$ cat coords-v5.txt   # compact mmCIF, C-alpha atoms and all ligand atoms
# COMPACT_ATOMS: atom_id res chain seq x y z
CA MET A 1 27.60 -27.58 1.91
CA THR A 2 26.90 -27.26 -1.83
CA THR A 3 24.88 -24.74 -3.79
CA SER A 4 24.12 -24.06 -7.42
CA LYS A 5 24.54 -20.34 -6.90
CA THR A 6 26.81 -18.08 -8.90
CA ALA A 7 28.69 -15.26 -7.19
CA LEU A 8 30.46 -12.39 -8.91
CA VAL A 9 33.37 -11.00 -6.85
CA THR A 10 35.21 -7.83 -7.84
CA GLY A 11 38.61 -7.20 -6.24
CA ILE A 12 39.29 -10.94 -6.20
CA THR A 13 43.06 -10.48 -6.32
CA GLY A 14 43.06 -8.44 -3.10
CA GLN A 15 42.92 -9.48 0.53
CA ASP A 16 39.15 -9.63 1.07
CA GLY A 17 38.19 -10.75 -2.43
CA SER A 18 40.52 -13.73 -2.24
CA TYR A 19 39.36 -14.82 1.23
CA LEU A 20 35.75 -14.39 0.17
CA ALA A 21 36.36 -16.49 -2.95
CA ASP A 22 37.96 -19.21 -0.77
CA LEU A 23 34.83 -19.19 1.39
CA LEU A 24 32.38 -19.24 -1.53
CA VAL A 25 34.24 -22.05 -3.30
CA SER A 26 34.18 -24.06 -0.06
CA LYS A 27 30.40 -23.58 -0.02
CA GLY A 28 30.05 -24.87 -3.57
CA TYR A 29 29.44 -21.57 -5.35
CA ARG A 30 30.42 -21.03 -8.92
CA VAL A 31 32.68 -17.99 -8.45
CA VAL A 32 33.37 -15.46 -11.19
CA GLY A 33 36.15 -13.07 -10.21
CA LEU A 34 36.87 -9.71 -11.78
CA ALA A 35 40.59 -9.00 -12.04
CA ARG A 36 42.13 -5.80 -13.31
CA ARG A 37 44.24 -5.89 -16.46
CA SER A 38 47.82 -5.88 -15.24
CA THR A 39 51.29 -6.28 -16.67
CA ASN A 40 51.96 -8.83 -13.95
CA TYR A 41 49.82 -11.96 -14.27
CA ASP A 42 50.94 -13.46 -11.01
CA TYR A 43 48.15 -13.19 -8.43
CA PRO A 44 49.59 -14.60 -5.20
CA ASN A 45 46.34 -14.33 -3.22
CA ILE A 46 44.37 -16.54 -5.61
CA ARG A 47 46.93 -19.14 -6.68
CA GLN A 48 45.08 -21.76 -4.61
CA LEU A 49 41.88 -20.97 -6.55
CA ILE A 50 43.14 -21.36 -10.08
CA GLY A 51 41.02 -24.01 -11.80
CA LYS A 52 38.26 -23.56 -9.22
CA ILE A 53 37.03 -20.11 -10.25
CA THR A 54 36.40 -18.24 -13.50
CA LEU A 55 38.56 -15.14 -13.95
CA GLU A 56 37.36 -12.28 -16.10
CA TYR A 57 39.36 -9.17 -16.84
CA GLY A 58 37.75 -5.80 -16.40
CA ASP A 59 37.72 -2.56 -14.50
CA LEU A 60 35.33 -0.60 -12.30
CA MET A 61 36.07 2.38 -14.55
CA ASP A 62 34.42 0.60 -17.49
CA SER A 63 30.60 0.37 -17.42
CA ASP A 64 30.45 -1.78 -20.56
CA CYS A 65 32.55 -4.52 -19.06
CA LEU A 66 30.48 -4.57 -15.86
CA ASN A 67 27.21 -4.67 -17.84
CA ASN A 68 28.52 -7.51 -20.00
CA LEU A 69 29.71 -9.46 -16.99
CA VAL A 70 26.42 -9.29 -15.10
CA SER A 71 24.44 -9.99 -18.26
CA LYS A 72 26.64 -12.99 -19.17
CA TYR A 73 26.81 -14.73 -15.77
CA GLN A 74 23.45 -13.70 -14.21
CA PRO A 75 24.96 -13.92 -10.70
CA ASP A 76 22.78 -14.67 -7.69
CA GLU A 77 25.12 -12.68 -5.47
CA VAL A 78 27.42 -9.78 -6.34
CA TYR A 79 30.21 -8.73 -3.98
CA ASN A 80 31.67 -5.39 -4.99
CA ILE A 81 34.93 -5.50 -3.08
CA ALA A 82 37.23 -3.68 -5.54
CA ALA A 83 38.35 -0.14 -4.80
CA GLN A 84 41.28 2.20 -4.70
CA SER A 85 41.56 0.95 -1.15
CA VAL A 86 44.45 2.93 0.32
CA PRO A 87 43.32 6.01 2.28
CA ALA A 88 46.88 7.38 2.39
CA ASP A 89 47.08 7.37 -1.43
CA SER A 90 43.78 9.16 -1.78
CA TRP A 91 45.33 12.57 -1.09
CA THR A 92 47.73 12.17 -4.02
CA GLN A 93 45.12 10.44 -6.25
CA PRO A 94 41.77 12.01 -5.32
CA ILE A 95 40.29 11.80 -8.83
CA VAL A 96 41.16 8.14 -9.35
CA THR A 97 39.84 7.41 -5.86
CA ALA A 98 36.54 9.14 -6.63
CA GLU A 99 36.28 7.37 -10.01
CA ILE A 100 37.00 3.83 -8.75
CA THR A 101 35.89 3.83 -5.12
CA GLY A 102 32.93 6.21 -5.52
CA VAL A 103 31.55 6.19 -9.08
CA GLY A 104 32.78 2.63 -9.68
CA THR A 105 30.19 1.52 -7.13
CA VAL A 106 27.42 3.17 -9.10
CA ARG A 107 28.64 1.55 -12.33
CA MET A 108 28.36 -1.83 -10.60
CA LEU A 109 24.98 -1.05 -9.05
CA GLU A 110 23.67 0.07 -12.44
CA ALA A 111 24.92 -3.09 -14.13
CA VAL A 112 23.07 -5.17 -11.52
CA ARG A 113 19.92 -3.04 -11.72
CA ARG A 114 19.80 -3.38 -15.51
CA HIS A 115 20.77 -7.02 -15.97
CA LYS A 116 20.04 -8.93 -12.75
CA PRO A 117 17.97 -6.73 -10.43
CA ASP A 118 17.08 -9.62 -8.13
CA ALA A 119 20.76 -10.39 -7.43
CA ARG A 120 21.82 -9.82 -3.83
CA TYR A 121 24.46 -7.10 -3.69
CA TYR A 122 27.21 -6.48 -1.14
CA GLN A 123 29.09 -3.19 -1.19
CA ALA A 124 32.38 -2.81 0.66
CA THR A 125 32.13 0.54 2.40
CA SER A 126 34.30 1.49 5.37
CA ARG A 127 34.74 2.80 8.87
CA GLU A 128 36.35 5.79 7.15
CA ILE A 129 32.84 7.13 6.42
CA PHE A 130 32.71 8.19 10.09
CA GLY A 131 35.94 10.15 9.60
CA GLY A 132 36.89 12.36 12.52
CA ILE A 133 33.71 11.80 14.51
CA GLU A 134 34.37 12.27 18.20
CA GLN A 135 32.51 9.25 19.46
CA GLU A 136 34.22 6.45 21.28
CA VAL A 137 32.03 3.78 19.71
CA CYS A 138 30.33 3.94 16.27
CA ASP A 139 27.41 1.92 14.99
CA GLU A 140 25.08 1.98 11.98
CA ASN A 141 23.32 5.12 13.31
CA THR A 142 26.48 7.19 13.70
CA SER A 143 26.70 10.28 11.46
CA PHE A 144 28.92 10.14 8.39
CA LEU A 145 31.73 12.69 8.64
CA ALA A 146 34.38 11.35 6.24
CA ASN A 147 37.50 13.50 6.36
CA ASN A 148 39.76 12.19 3.59
CA PRO A 149 39.23 11.63 -0.15
CA TYR A 150 38.99 7.86 0.30
CA GLY A 151 36.43 8.15 3.11
CA ILE A 152 34.41 10.66 1.12
CA ALA A 153 34.35 8.33 -1.92
CA LYS A 154 33.26 5.44 0.36
CA GLN A 155 30.60 7.65 1.94
CA TYR A 156 29.19 8.29 -1.55
CA ALA A 157 29.36 4.54 -2.32
CA HIS A 158 27.56 3.78 0.93
CA LEU A 159 24.81 6.34 0.32
CA MET A 160 24.31 5.15 -3.27
CA THR A 161 23.98 1.55 -2.07
CA MET A 162 21.31 2.67 0.40
CA ASN A 163 19.67 4.66 -2.36
CA TYR A 164 19.48 1.72 -4.78
CA ARG A 165 17.93 -0.35 -1.99
CA GLU A 166 15.37 2.35 -1.24
CA SER A 167 14.69 3.54 -4.81
CA TYR A 168 14.61 0.22 -6.64
CA GLY A 169 13.94 -2.30 -3.88
CA MET A 170 17.25 -4.02 -4.57
CA PHE A 171 18.71 -6.39 -1.97
CA ALA A 172 21.76 -4.18 -1.44
CA CYS A 173 23.83 -4.11 1.75
CA GLY A 174 26.69 -1.85 2.81
CA GLY A 175 29.39 -3.42 4.96
CA ILE A 176 30.86 -0.73 7.22
CA LEU A 177 34.03 -2.63 7.96
CA PHE A 178 36.61 -1.41 10.43
CA ASN A 179 40.26 -2.21 9.68
CA HIS A 180 40.93 -5.87 9.04
CA GLU A 181 44.24 -7.47 8.33
CA SER A 182 45.90 -10.76 7.50
CA GLU A 183 48.95 -12.31 5.91
CA ARG A 184 47.36 -11.28 2.57
CA ARG A 185 47.26 -7.57 3.50
CA SER A 186 49.14 -5.43 1.01
CA LEU A 187 52.30 -3.61 2.01
CA HIS A 188 50.48 -0.31 1.55
CA PHE A 189 49.09 -0.73 5.06
CA VAL A 190 50.84 -0.17 8.37
CA THR A 191 50.11 -3.58 9.90
CA ARG A 192 51.76 -5.49 7.07
CA LYS A 193 54.64 -3.01 6.89
CA VAL A 194 55.35 -3.62 10.54
CA THR A 195 55.03 -7.41 10.43
CA MET A 196 57.10 -7.65 7.24
CA ALA A 197 59.78 -5.30 8.61
CA ALA A 198 60.01 -7.26 11.85
CA ALA A 199 60.49 -10.47 9.83
CA CYS A 200 63.06 -8.85 7.50
CA ILE A 201 65.11 -7.56 10.43
CA LYS A 202 64.89 -10.85 12.30
CA LEU A 203 66.08 -12.82 9.24
CA ASN A 204 68.57 -10.12 8.20
CA VAL A 205 67.02 -9.98 4.72
CA LYS A 206 69.42 -8.26 2.30
CA HIS A 207 66.79 -6.84 -0.06
CA PRO A 208 63.57 -6.04 1.81
CA PRO A 209 60.50 -5.04 -0.24
CA LEU A 210 60.01 -1.39 -1.13
CA ASN A 211 57.73 0.97 0.75
CA GLU A 212 55.22 3.34 -0.88
CA VAL A 213 57.85 5.97 -1.67
CA GLY A 214 60.10 3.45 -3.39
CA GLU A 215 62.64 3.10 -0.60
CA SER A 216 63.69 -0.11 1.07
CA LEU A 217 61.15 -0.93 3.81
CA VAL A 218 64.04 -1.49 6.20
CA GLN A 219 67.16 0.67 6.08
CA ASP A 220 70.01 0.17 8.54
CA GLY A 221 67.75 -2.01 10.67
CA LYS A 222 65.07 0.71 10.93
CA LEU A 223 61.46 0.85 9.75
CA LYS A 224 60.00 4.30 9.05
CA ILE A 225 56.25 4.67 9.58
CA GLY A 226 53.71 7.41 10.35
CA ASN A 227 51.85 8.31 13.52
CA LEU A 228 52.61 5.89 16.37
CA ASP A 229 49.68 7.25 18.37
CA ALA A 230 47.08 6.53 15.66
CA VAL A 231 44.37 4.23 17.01
CA ARG A 232 42.47 1.55 15.10
CA ASP A 233 39.97 -1.23 15.69
CA TRP A 234 41.75 -4.13 13.96
CA GLY A 235 40.19 -7.52 13.14
CA TYR A 236 41.04 -10.60 11.10
CA ALA A 237 40.04 -10.39 7.42
CA LYS A 238 39.26 -14.10 7.14
CA GLU A 239 36.46 -13.64 9.68
CA TYR A 240 35.20 -10.38 8.13
CA VAL A 241 34.45 -12.02 4.77
CA GLU A 242 32.14 -14.45 6.60
CA ALA A 243 30.09 -11.41 7.63
CA MET A 244 29.83 -10.31 3.97
CA TRP A 245 28.38 -13.66 3.00
CA LEU A 246 26.02 -13.72 6.00
CA MET A 247 24.65 -10.28 5.05
CA LEU A 248 23.49 -11.66 1.71
CA GLN A 249 21.84 -14.70 3.33
CA ALA A 250 19.70 -12.58 5.69
CA ASP A 251 15.94 -12.10 5.34
CA GLN A 252 16.26 -8.35 4.85
CA PRO A 253 19.00 -6.17 3.29
CA ARG A 254 20.62 -3.96 5.93
CA ASP A 255 23.90 -2.17 6.50
CA TYR A 256 26.21 -3.58 9.14
CA VAL A 257 29.18 -2.43 11.18
CA ILE A 258 31.78 -5.20 11.30
CA ALA A 259 34.46 -4.62 13.93
CA THR A 260 35.93 -5.97 17.16
CA ASN A 261 34.96 -3.11 19.53
CA THR A 262 38.57 -3.00 20.74
CA ALA A 263 41.19 -0.37 19.95
CA PHE A 264 44.97 -0.35 19.84
CA THR A 265 47.65 2.11 18.80
CA VAL A 266 50.28 1.69 16.11
CA ARG A 267 52.74 1.63 19.02
CA ASP A 268 50.92 -1.47 20.38
CA LEU A 269 51.12 -3.02 16.93
CA CYS A 270 54.90 -2.48 16.80
CA ARG A 271 55.37 -3.87 20.30
CA VAL A 272 53.45 -7.09 19.62
CA ALA A 273 54.97 -7.64 16.15
CA PHE A 274 58.61 -7.10 17.07
CA ASN A 275 58.16 -9.06 20.27
CA GLN A 276 56.86 -12.00 18.23
CA ALA A 277 60.05 -11.84 16.19
CA GLY A 278 62.13 -11.73 19.39
CA LEU A 279 63.05 -8.06 18.93
CA ASN A 280 62.54 -4.80 20.82
CA TRP A 281 60.45 -2.47 18.63
CA GLU A 282 62.01 0.68 20.11
CA ASP A 283 65.36 -0.30 18.59
CA HIS A 284 63.88 -0.53 15.09
CA VAL A 285 60.87 1.77 14.53
CA VAL A 286 61.08 5.46 13.67
CA SER A 287 58.14 7.81 13.17
CA ASP A 288 58.67 9.77 9.93
CA GLN A 289 56.59 12.87 9.18
CA ARG A 290 56.37 11.89 5.49
CA PHE A 291 54.10 8.99 6.41
CA HIS A 292 51.69 10.96 8.62
CA ARG A 293 48.21 11.56 7.21
CA PRO A 294 47.24 15.23 6.66
CA THR A 295 44.03 14.49 8.62
CA GLU A 296 43.73 11.59 11.05
CA ILE A 297 40.52 9.70 11.75
CA ALA A 298 39.26 9.59 15.34
CA ALA A 299 40.04 6.81 17.81
CA SER A 300 36.70 5.03 17.50
CA ARG A 301 35.77 1.42 18.00
CA GLY A 302 32.99 -0.37 16.13
CA ASP A 303 29.88 -1.73 17.83
CA TYR A 304 28.98 -4.90 15.92
CA SER A 305 25.82 -5.69 17.95
CA ARG A 306 23.52 -5.57 14.91
CA ALA A 307 25.67 -8.14 13.09
CA LYS A 308 25.73 -10.31 16.20
CA ASN A 309 21.97 -10.13 16.69
CA ASP A 310 20.86 -10.46 13.05
CA LEU A 311 23.61 -12.62 11.56
CA GLY A 312 25.16 -14.41 14.53
CA TRP A 313 28.53 -12.93 13.54
CA GLU A 314 31.25 -11.97 15.99
CA PRO A 315 35.04 -11.74 15.82
CA ARG A 316 37.07 -14.66 17.16
CA THR A 317 40.71 -13.61 16.76
CA SER A 318 42.20 -11.08 19.20
CA PHE A 319 44.46 -8.23 18.11
CA GLU A 320 47.54 -9.92 19.60
CA GLN A 321 46.73 -13.25 17.93
CA LEU A 322 46.24 -11.49 14.61
CA ILE A 323 49.55 -9.64 14.68
CA ARG A 324 51.40 -12.75 15.82
CA LEU A 325 49.99 -14.85 13.01
CA MET A 326 50.98 -12.16 10.50
CA VAL A 327 54.56 -12.06 11.79
CA ASP A 328 54.78 -15.85 11.70
CA ALA A 329 53.46 -15.86 8.12
CA ASP A 330 56.03 -13.25 7.04
CA LEU A 331 58.86 -15.16 8.73
CA LYS A 332 57.75 -18.30 6.87
CA LEU A 333 57.39 -16.49 3.55
CA LEU A 334 60.85 -14.95 3.77
CA SER A 335 62.45 -18.19 4.98
CA GLU A 336 60.98 -20.09 2.00
CA ARG A 337 62.36 -17.47 -0.43
CA ARG A 338 65.93 -17.91 0.79
P1 LIG B 1 42.92 -4.68 -1.45
O1 LIG B 1 43.65 -5.87 -0.96
O2 LIG B 1 43.70 -3.44 -1.76
O3 LIG B 1 42.11 -5.11 -2.76
C1 LIG B 1 41.55 -4.16 -3.61
C2 LIG B 1 41.13 -4.90 -4.87
O4 LIG B 1 40.48 -3.96 -5.77
C3 LIG B 1 42.29 -5.50 -5.65
O5 LIG B 1 41.89 -6.75 -6.17
C4 LIG B 1 42.48 -4.50 -6.79
O6 LIG B 1 43.08 -5.04 -7.93
C5 LIG B 1 41.04 -4.14 -7.07
N1 LIG B 1 40.90 -2.92 -7.85
C6 LIG B 1 41.45 -1.71 -7.61
N2 LIG B 1 41.07 -0.83 -8.55
C7 LIG B 1 40.26 -1.50 -9.42
C8 LIG B 1 39.57 -1.15 -10.59
N3 LIG B 1 39.64 0.09 -11.10
N4 LIG B 1 38.83 -2.08 -11.22
C9 LIG B 1 38.77 -3.34 -10.74
N5 LIG B 1 39.43 -3.75 -9.64
C10 LIG B 1 40.16 -2.84 -8.98
O7 LIG B 1 41.77 -4.24 -0.44
P2 LIG B 1 41.06 -5.11 0.71
O8 LIG B 1 41.76 -4.87 1.97
O9 LIG B 1 40.82 -6.46 0.24
O10 LIG B 1 39.70 -4.32 0.84
C11 LIG B 1 38.54 -4.77 0.15
C12 LIG B 1 37.51 -3.66 0.11
O11 LIG B 1 37.14 -3.30 1.43
C13 LIG B 1 37.95 -2.37 -0.54
O12 LIG B 1 36.83 -1.79 -1.17
C14 LIG B 1 38.40 -1.52 0.63
O13 LIG B 1 38.36 -0.15 0.30
C15 LIG B 1 37.38 -1.93 1.66
N6 LIG B 1 37.77 -1.83 3.05
C16 LIG B 1 38.86 -2.47 3.49
C17 LIG B 1 39.22 -2.41 4.82
C18 LIG B 1 40.40 -3.13 5.37
O14 LIG B 1 40.79 -2.84 6.51
N7 LIG B 1 40.97 -4.08 4.66
C19 LIG B 1 38.40 -1.68 5.72
C20 LIG B 1 37.28 -1.07 5.23
C21 LIG B 1 36.95 -1.15 3.90
P3 LIG B 1 44.68 -5.07 -8.11
O15 LIG B 1 45.13 -6.35 -7.45
O16 LIG B 1 44.83 -5.06 -9.58
O17 LIG B 1 45.24 -3.86 -7.44

$ encode --input "coords-v5.txt" --output "structure tokens"
Amino acid sequence: MTTSKTALVTGITGQDGSYLADLLVSKGYRVVGLARRSTNYDYPNIRQLIGKITLEYGDLMDSDCLNNLVSKYQPDEVYNIAAQSVPADSWTQPIVTAEITGVGTVRMLEAVRRHKPDARYYQATSREIFGGIEQEVCDENTSFLANNPYGIAKQYAHLMTMNYRESYGMFACGGILFNHESERRSLHFVTRKVTMAAACIKLNVKHPPLNEVGESLVQDGKLKIGNLDAVRDWGYAKEYVEAMWLMLQADQPRDYVIATNTAFTVRDLCRVAFNQAGLNWEDHVVSDQRFHRPTEIAASRGDYSRAKNDLGWEPRTSFEQLIRLMVDADLKLLSERR
């Protein structure tokens, strides 16, 4: 399929932005990606896209750069994927989280409203906007009860996206995505920590990557993580970016829950991952109070019926398949580095 459309993607160096850019390039889009100024110019998630996309440097903190970007490229579709995306870090960096994840959304919406108001706009919001809601299954009509600084910033972003749709008639959609993972997931997140640790232990890696407190991810054959009883609805990121694109091809702008409607514990995650590496998780995983969240979100699953009915979207990869493919990818990555 080819198109003459231009898409602007923020957060292109991250998990979702890079998969979305892969998808858009495969569909013939001209893709402009916003990358943050960084000391390190190596972007592993988009190496395969170099030469196929246009990279621009900028920041969601900087209105001028967003205005210039939208004015210069006149995108048909804007995917605002960038964020301070780590809920756990939002307690130690609440102001930065509010500035990037919350107000950054409004900076982007304003740039679109001023310079390309007919562009179709996708906003990455999150399951975290439901926070501690005691409901087994959440959908688009569930109340927003965010209970951490990240979730609260996303709730603001979500409401502002709705507000720009209602106030200005913009084609703006909020994607209420439940957790989604892949081999491109950053090590800030428990799934990737577990799959990487399982691979490091299996291959007896001498210098494992660092964890978020600057310690070796694996010490004496042990991985330290937070609450083993935490429950999440985990899907495959590569499939979730298809839903983002589909939302912007629909007849009407709407908000959508994207999820699998299944739920597993961190304990399940450890069992599947270590088993895939031929190890017993109970010999290697320790729950450490330092990695527990001050407030935990509830054990809800996402009902994706609206996405299925309107967009024809549904998840294809099971939780076990997802974790297995992540372990296999980490084993391959570490083997190639040897
Ligand atoms: P990710 O891998 O952490 O990517 C985040 C991206 O945002 C990175 O490219 C990052 O750039 C960029 N970024 C951060 N601060 C920025 C700033 N001030 N200006 C410009 N760019 C900035 O996250 P992800 O998993 O792909 O998630 C994508 C989006 O979905 C995020 O908004 C996240 O909050 C949301 N979300 C994710 C999940 C999930 O389970 N993955 C679930 C619900 C919602 P650097 O590479 O420079 O850090």

$ closest_residue --input "coords-v5.txt" --among "A:Val112, A:Ala230, A:Leu279, A:Val257" --to "Asp139 in chain A" --atoms "only C-alpha atoms"
A:Val257

$ closest_residue --input "coords-v5.txt" --among "A:Leu334, A:Ala111, A:Ala157, A:Ile176" --to "ligand LIG 1 (chain B)" --atoms "all atoms listed in the file"
A:Ile176

$ residues_near_point --input "coords-v5.txt" --point "(24.3, 8.8, 3.7)" --cutoff "12 Å" --atoms "all atoms listed in the file" --output "ChimeraX atom specification"
/A:125,129-130,140-146,152-163,174,255

$ atom_distance --input "coords-v5.txt" --atom1 "CA of Cys200 in chain A" --atom2 "CA of Val218 in chain A"
7.5 Å

$ axis_aligned_box --input "coords-v5.txt" --around "ligand LIG 1 (chain B)" --padding-each-side "4 Å" --output "AutoDock Vina command-line options"
--center_x 41.0 --center_y -3.3 --center_z -2.4 --size_x 16.4 --size_y 14.8 --size_z 25.7

$ residues_near_ligand --input "coords-v5.txt" --ligand "ligand LIG 1 (chain B)" --cutoff "7 Å" --atoms "all atoms listed in the file" --output "PyMOL selection string"
chain A and resi 10-17+34-38+58-61+81-86+100-101+124-127+176-181+185-186+237

$ write_last_selection --input "coords-v5.txt" --atoms "C-alpha atoms" --output "PDB file, in the coordinates of the input"
ATOM      1  CA  THR A  10      35.210  -7.830  -7.840  1.00  0.00           C
ATOM      2  CA  GLY A  11      38.610  -7.200  -6.240  1.00  0.00           C
ATOM      3  CA  ILE A  12      39.290 -10.940  -6.200  1.00  0.00           C
ATOM      4  CA  THR A  13      43.060 -10.480  -6.320  1.00  0.00           C
ATOM      5  CA  GLY A  14      43.060  -8.440  -3.100  1.00  0.00           C
ATOM      6  CA  GLN A  15      42.920  -9.480   0.530  1.00  0.00           C
ATOM      7  CA  ASP A  16      39.150  -9.630   1.070  1.00  0.00           C
ATOM      8  CA  GLY A  17      38.190 -10.750  -2.430  1.00  0.00           C
ATOM      9  CA  LEU A  34      36.870  -9.710 -11.780  1.00  0.00           C
ATOM     10  CA  ALA A  35      40.590  -9.000 -12.040  1.00  0.00           C
ATOM     11  CA  ARG A  36      42.130  -5.800 -13.310  1.00  0.00           C
ATOM     12  CA  ARG A  37      44.240  -5.890 -16.460  1.00  0.00           C
ATOM     13  CA  SER A  38      47.820  -5.880 -15.240  1.00  0.00           C
ATOM     14  CA  GLY A  58      37.750  -5.800 -16.400  1.00  0.00           C
ATOM     15  CA  ASP A  59      37.720  -2.560 -14.500  1.00  0.00           C
ATOM     16  CA  LEU A  60      35.330  -0.600 -12.300  1.00  0.00           C
ATOM     17  CA  MET A  61      36.070   2.380 -14.550  1.00  0.00           C
ATOM     18  CA  ILE A  81      34.930  -5.500  -3.080  1.00  0.00           C
ATOM     19  CA  ALA A  82      37.230  -3.680  -5.540  1.00  0.00           C
ATOM     20  CA  ALA A  83      38.350  -0.140  -4.800  1.00  0.00           C
ATOM     21  CA  GLN A  84      41.280   2.200  -4.700  1.00  0.00           C
ATOM     22  CA  SER A  85      41.560   0.950  -1.150  1.00  0.00           C
ATOM     23  CA  VAL A  86      44.450   2.930   0.320  1.00  0.00           C
ATOM     24  CA  ILE A 100      37.000   3.830  -8.750  1.00  0.00           C
ATOM     25  CA  THR A 101      35.890   3.830  -5.120  1.00  0.00           C
ATOM     26  CA  ALA A 124      32.380  -2.810   0.660  1.00  0.00           C
ATOM     27  CA  THR A 125      32.130   0.540   2.400  1.00  0.00           C
ATOM     28  CA  SER A 126      34.300   1.490   5.370  1.00  0.00           C
ATOM     29  CA  ARG A 127      34.740   2.800   8.870  1.00  0.00           C
ATOM     30  CA  ILE A 176      30.860  -0.730   7.220  1.00  0.00           C
ATOM     31  CA  LEU A 177      34.030  -2.630   7.960  1.00  0.00           C
ATOM     32  CA  PHE A 178      36.610  -1.410  10.430  1.00  0.00           C
ATOM     33  CA  ASN A 179      40.260  -2.210   9.680  1.00  0.00           C
ATOM     34  CA  HIS A 180      40.930  -5.870   9.040  1.00  0.00           C
ATOM     35  CA  GLU A 181      44.240  -7.470   8.330  1.00  0.00           C
ATOM     36  CA  ARG A 185      47.260  -7.570   3.500  1.00  0.00           C
ATOM     37  CA  SER A 186      49.140  -5.430   1.010  1.00  0.00           C
ATOM     38  CA  ALA A 237      40.040 -10.390   7.420  1.00  0.00           C
TER      39      ALA A 237
END

$ closest_residue --input "coords-v5.txt" --among "A:Ser18, A:Ser300, A:Gln74, A:Asn309" --to "Glu128 in chain A" --atoms "only C-alpha atoms"
A:Ser300

$ atom_distance --input "coords-v5.txt" --atom1 "CA of Gly104 in chain A" --atom2 "CA of Gly169 in chain A"
20.3 Å

$ atom_distance --input "coords-v5.txt" --atom1 "CA of Gly28 in chain A" --atom2 "CA of Thr260 in chain A"
28.7 Å

$ closest_residue --input "coords-v5.txt" --among "A:Glu183, A:Asp220, A:Glu320, A:Asp22" --to "Phe274 in chain A" --atoms "all atoms listed in the file"
A:Glu320

$ closest_residue --input "coords-v5.txt" --among "A:Asp328, A:Glu314, A:Asp229, A:Glu166" --to "Cys270 in chain A" --atoms "all atoms listed in the file"
A:Asp229

$ residues_around --input "coords-v5.txt" --residues "Tyr256 in chain A" --least-positions-apart "2" --cutoff "10 Å" --atoms "only C-alpha atoms" --output "compact mmCIF listing (two decimals) with C-alpha atoms, keeping the file's coordinate frame"
# COMPACT_ATOMS: atom_id res chain seq x y z
CA THR A 125 32.13 0.54 2.40
CA ASP A 139 27.41 1.92 14.99
CA GLU A 140 25.08 1.98 11.98
CA CYS A 173 23.83 -4.11 1.75
CA GLY A 174 26.69 -1.85 2.81
CA GLY A 175 29.39 -3.42 4.96
CA ILE A 176 30.86 -0.73 7.22
CA LEU A 177 34.03 -2.63 7.96
CA ALA A 243 30.09 -11.41 7.63
CA MET A 244 29.83 -10.31 3.97
CA MET A 247 24.65 -10.28 5.05
CA PRO A 253 19.00 -6.17 3.29
CA ARG A 254 20.62 -3.96 5.93
CA ILE A 258 31.78 -5.20 11.30
CA ALA A 259 34.46 -4.62 13.93
CA ASP A 303 29.88 -1.73 17.83
CA TYR A 304 28.98 -4.90 15.92
CA SER A 305 25.82 -5.69 17.95
CA ARG A 306 23.52 -5.57 14.91
CA ALA A 307 25.67 -8.14 13.09
CA LYS A 308 25.73 -10.31 16.20
CA ASP A 310 20.86 -10.46 13.05
CA LEU A 311 23.61 -12.62 11.56

$ decode --input "coords-v5.txt" --residues "range 252-261 of chain A" --atoms "N, CA and C atoms" --output "compact mmCIF listing (two decimals), in the first residue's frame"
# COMPACT_ATOMS: atom_id res chain seq x y z
N GLN A 252 -15.00 8.70 12.43
CA GLN A 252 -15.18 9.66 13.52
C GLN A 252 -14.05 9.54 14.54
N PRO A 253 -13.63 10.67 15.15
CA PRO A 253 -12.62 10.58 16.21
C PRO A 253 -13.25 10.11 17.52
N ARG A 254 -12.69 9.06 18.10
CA ARG A 254 -13.20 8.54 19.38
C ARG A 254 -12.03 8.09 20.22
N ASP A 255 -12.26 7.89 21.48
CA ASP A 255 -11.24 7.33 22.36
C ASP A 255 -11.44 5.82 22.43
N TYR A 256 -10.33 5.10 22.55
CA TYR A 256 -10.43 3.64 22.53
C TYR A 256 -9.57 3.00 23.61
N VAL A 257 -10.13 1.99 24.28
CA VAL A 257 -9.35 1.11 25.14
C VAL A 257 -8.70 0.06 24.24
N ILE A 258 -7.39 -0.10 24.41
CA ILE A 258 -6.66 -1.14 23.68
C ILE A 258 -6.02 -2.05 24.73
N ALA A 259 -6.40 -3.31 24.70
CA ALA A 259 -6.00 -4.24 25.77
C ALA A 259 -6.21 -5.67 25.28
N THR A 260 -5.98 -6.62 26.17
CA THR A 260 -6.21 -8.02 25.80
C THR A 260 -7.39 -8.64 26.55
N ASN A 261 -7.88 -7.95 27.60
CA ASN A 261 -8.92 -8.48 28.48
C ASN A 261 -8.47 -9.78 29.18
